[in-house]
Structures are given as C-alpha cells and as structure tokens.
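Participant: Before anything else, here's the structure in question.
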Amino acid sequence: MTAWLDTLLFGIYPYICLAVFFIGSWARFDRDQYTWKSESSQLLRTGSLRWGSNLFHIGVLFLFFGHTVGMLTPHFLYEGFISAGNKQLMAMVSGGIAGLLGFVGVSILLHRRLSDPRIRATSKTSDIVLLLLLWLQLALGLATIPLSAKHLDGSMMMLLAEWAQRVVTFRTGGVELLADAGWIFKAHMVLGMSIFLIFPFTRLVHVWSGFGTLAYVLRPYQVVRARRLNLPPGHMQSQDRRA
C-alpha cells in the first residue's frame, strides 16, 4: 500500500472507528433502549441454532479476550517468563482452534439465516451483512496463521502489538511499523476495525449487556418493604400467628 493509504487506514481510521464505537453505543442506549438486544430467532426455529451459537460464541469470546490481552500487554510485563516466539506459537495454536470453532459456528448461523425461509423473512439486512463480515473476518484470521509460521521468532507479532499499543495510547509512529506486514494481516486489521465501526448500528450492542451483568453480581441487596401505611409495629407478625 502507498504511504498515504497506510496513514489513512492505520493512523486515522482506528480513531474514527473507536469514536463511533463508543459515542454510537452511548447514543443508541440513550435513545433506543428497546433495540438494545440480540433479537434471537430461536422462537422461529431452534434446529442448528444451538450448535452454531455455542461454537461461535466460544470461539469469538476467546479470540476477543486473547487479542485484547495479547495485543495490548506490553512486552516487558511477560518477557521474563515467556519469549516472543513462544507467545506467538501459543497464540497460533490457541487462536487457530478458537478461530476454527468460531468459523464453523458462524457458517452454521449464516447458512441457517439464508436457507430457512421463516428466518430469512424476519432478518434485517444488517443481520446478514454482519454475519458475512464476521465470516470473512474469521476466514482472514485463519489465513494469517500460515504467514505467522514464517515469523516464529515473534517479530511480526511484536510489531502488530506495538502498533495497537501506540494507537490506544495516542502515540505516533505506529503506521511505519506495518510497512512489512502482509496484505492479509492488513485486511484482517481493517475489517476488524470496521466491525467496531458498525457495532452500534447492529445487534452486536448486546455485547455491552454481557459486561453489564458483572455489575449485577456486585450490586447491594435489594430491600423490599410492604406498601401498607399507618400500621402498628408487629402487625404482620400478629397476622401470621392468627393464620
């Protein structure tokens, strides 16, 4: 790619995607809370949904947290107990397994949504486009594994991680790090950022609710009081004894 296109895609585009991701999610929750859901089609037909959904979620959740930790953790925090090469090898094996699970799952979901007339009739265009993008993203991710095998010293992974860390910390010089990255890596990165861009406008917003459930675990006990007024103390206990 030319220098200006690299600057646009990997220097400017990430901030556009992140801004739309956070501001768009907040705006949708504030204005359209009734659309903040996954809009499950399970009631229409269960069938292959269980297999597809479970495989997809297991694979994608592992990949999401794996990418987040792997890309955003500075090298000096783990270099004492794992080398860059071993980290890349571990990422290739675990990511390959998770990616394959997610790819099979999203393929089942996409086939189900396109082939079942009832589900196709109730599907939004955004639902189908989202599944196609996720299918392509997982396919590109799996395609990066053979390329990563050519850099078993971890050098390419370190460059990609340094680019991500510079983006989130608002440091310059990240674009130049990707000069030698293959087009599959770059396509995978651009499509990944694009999924964050469309996130607030699709059913993906329900992911925020999953993180929100953590607050439910830590919430204080709910105090329930009777809505009877002007009753003497011990009234409820006396009623229980008479019963």
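All residue names refer to the structure tokens as shown: chains lettered A, B, ... in order, residues numbered from 1 in each chain, ligands numbered from 1 in order.
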Near range 149-162 of chain A, within 8 Å and counting only C-alpha atoms, which residues show up once chain neighbours fewer than 3 positions away are dropped, as a list in words?
Facilitator: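 Once the nearby chain positions are removed, what remains is Gly70, Met71, Leu72, Pro74, His75, Ala84, Gly85, Asn86, Lys87, Gln88, Leu89, Ile145, Pro146, Gln165, Arg166, Gly174, Leu177, Leu178 and Ala181 of chain A.
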Participant: Can you tell me, as JSON, numbers by chain, what residues are no more than 9 Å from Gln137 in chain A when counting only C-alpha atoms, ignoring any on the same chain fewer than 5 positions away?
Facilitator: {"A": [132, 142, 187, 188, 189, 191, 192]}
Participant: Give me, please, the distance in Å between CA of Thr122 in chain A and CA of Asp30 in chain A, quoted to one decimal.
Facilitator: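 Value for the CA of Thr122 in chain A-CA of Asp30 in chain A distance: 25.6 Å.
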Participant: List every residue of range 127-174 of chain A that has an atom at most 7 Å from any atom of range 99-106 of chain A, giving for each one its closest atom pair and the distance in Å to one decimal, counting only C-alpha atoms, sorted by chain and then by ascending residue number, as a Markdown table.
Facilitator:
```
| residue | atom | partner | partner_atom | distance |
| --- | --- | --- | --- | --- |
| A:Leu131 | CA | A:Val106 | CA | 6.8 |
| A:Trp135 | CA | A:Val106 | CA | 6.1 |
| A:Leu138 | CA | A:Phe103 | CA | 5.8 |
| A:Ala139 | CA | A:Phe103 | CA | 6.9 |
| A:Leu142 | CA | A:Gly99 | CA | 6.4 |
```
Participant: Which residues, written as a list in words, have at least one atom at most 10 Å from Ile108 in chain A, with only C-alpha atoms counted and residues fewer than 5 positions away on the same chain left out?
Facilitator: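 Once the adjacent positions are removed, what remains is Ser48, Leu49, Arg50, Trp51, Gly52, Ser53, Leu55, Phe56, Gly102, Phe103 and Arg113 of chain A.
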Participant: When you draw a straight line from CA of Leu197 in chain A to CA of Phe21 in chain A, how long is it in Å?
Facilitator: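 Distance between the two atoms: 5.6 Å.
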Participant: Taking the DSSP assignment computed from this structure's backbone, write out as a ChimeraX atom specification all residues of range 47-234 of chain A that belong to alpha helix (DSSP H).
Facilitator: /A:49-72,84-115,117-122,125-148,155-168,183-198,206-217
Participant: Within 9 Å of range 5-9 of chain A, counting only C-alpha atoms, which residues qualify if same-chain residues fewer than 6 places away don't, as a PyMOL selection string?
Facilitator: chain A and resi 175-176+178-179+190
Participant: Could you write those residues out with all heavy atoms, as a PDB file, in the first residue's frame?
Facilitator:
```
ATOM      1  N   VAL A 175       2.190   3.672  12.251  1.00  0.00           N
ATOM      2  CA  VAL A 175       1.975   3.302  10.842  1.00  0.00           C
ATOM      3  C   VAL A 175       3.238   2.722  10.233  1.00  0.00           C
ATOM      4  O   VAL A 175       3.189   1.730   9.490  1.00  0.00           O
ATOM      5  CB  VAL A 175       1.504   4.531  10.040  1.00  0.00           C
ATOM      6  CG1 VAL A 175       1.356   4.175   8.565  1.00  0.00           C
ATOM      7  CG2 VAL A 175       0.182   5.049  10.596  1.00  0.00           C
ATOM      8  N   GLU A 176       4.380   3.302  10.565  1.00  0.00           N
ATOM      9  CA  GLU A 176       5.639   2.839   9.991  1.00  0.00           C
ATOM     10  C   GLU A 176       5.967   1.399  10.401  1.00  0.00           C
ATOM     11  O   GLU A 176       6.683   0.693   9.682  1.00  0.00           O
ATOM     12  CB  GLU A 176       6.782   3.766  10.421  1.00  0.00           C
ATOM     13  CG  GLU A 176       6.726   5.158   9.807  1.00  0.00           C
ATOM     14  CD  GLU A 176       5.668   6.060  10.436  1.00  0.00           C
ATOM     15  OE1 GLU A 176       5.141   5.686  11.512  1.00  0.00           O
ATOM     16  OE2 GLU A 176       5.353   7.103   9.854  1.00  0.00           O
ATOM     17  N   LEU A 178       4.086  -1.082  10.324  1.00  0.00           N
ATOM     18  CA  LEU A 178       3.350  -2.041   9.497  1.00  0.00           C
ATOM     19  C   LEU A 178       3.842  -2.092   8.059  1.00  0.00           C
ATOM     20  O   LEU A 178       3.200  -2.695   7.209  1.00  0.00           O
ATOM     21  CB  LEU A 178       1.857  -1.684   9.503  1.00  0.00           C
ATOM     22  CG  LEU A 178       1.194  -1.592  10.881  1.00  0.00           C
ATOM     23  CD1 LEU A 178      -0.269  -1.199  10.724  1.00  0.00           C
ATOM     24  CD2 LEU A 178       1.318  -2.915  11.626  1.00  0.00           C
ATOM     25  N   ALA A 179       4.969  -1.465   7.796  1.00  0.00           N
ATOM     26  CA  ALA A 179       5.464  -1.384   6.414  1.00  0.00           C
ATOM     27  C   ALA A 179       5.691  -2.763   5.808  1.00  0.00           C
ATOM     28  O   ALA A 179       5.451  -2.980   4.610  1.00  0.00           O
ATOM     29  CB  ALA A 179       6.751  -0.561   6.381  1.00  0.00           C
ATOM     30  N   VAL A 190      -8.035  -4.099   9.110  1.00  0.00           N
ATOM     31  CA  VAL A 190      -9.008  -3.108   8.636  1.00  0.00           C
ATOM     32  C   VAL A 190     -10.430  -3.610   8.823  1.00  0.00           C
ATOM     33  O   VAL A 190     -11.313  -2.873   9.283  1.00  0.00           O
ATOM     34  CB  VAL A 190      -8.747  -2.758   7.152  1.00  0.00           C
ATOM     35  CG1 VAL A 190      -9.886  -1.907   6.596  1.00  0.00           C
ATOM     36  CG2 VAL A 190      -7.417  -2.033   7.012  1.00  0.00           C
TER      37      VAL A 190
END
```
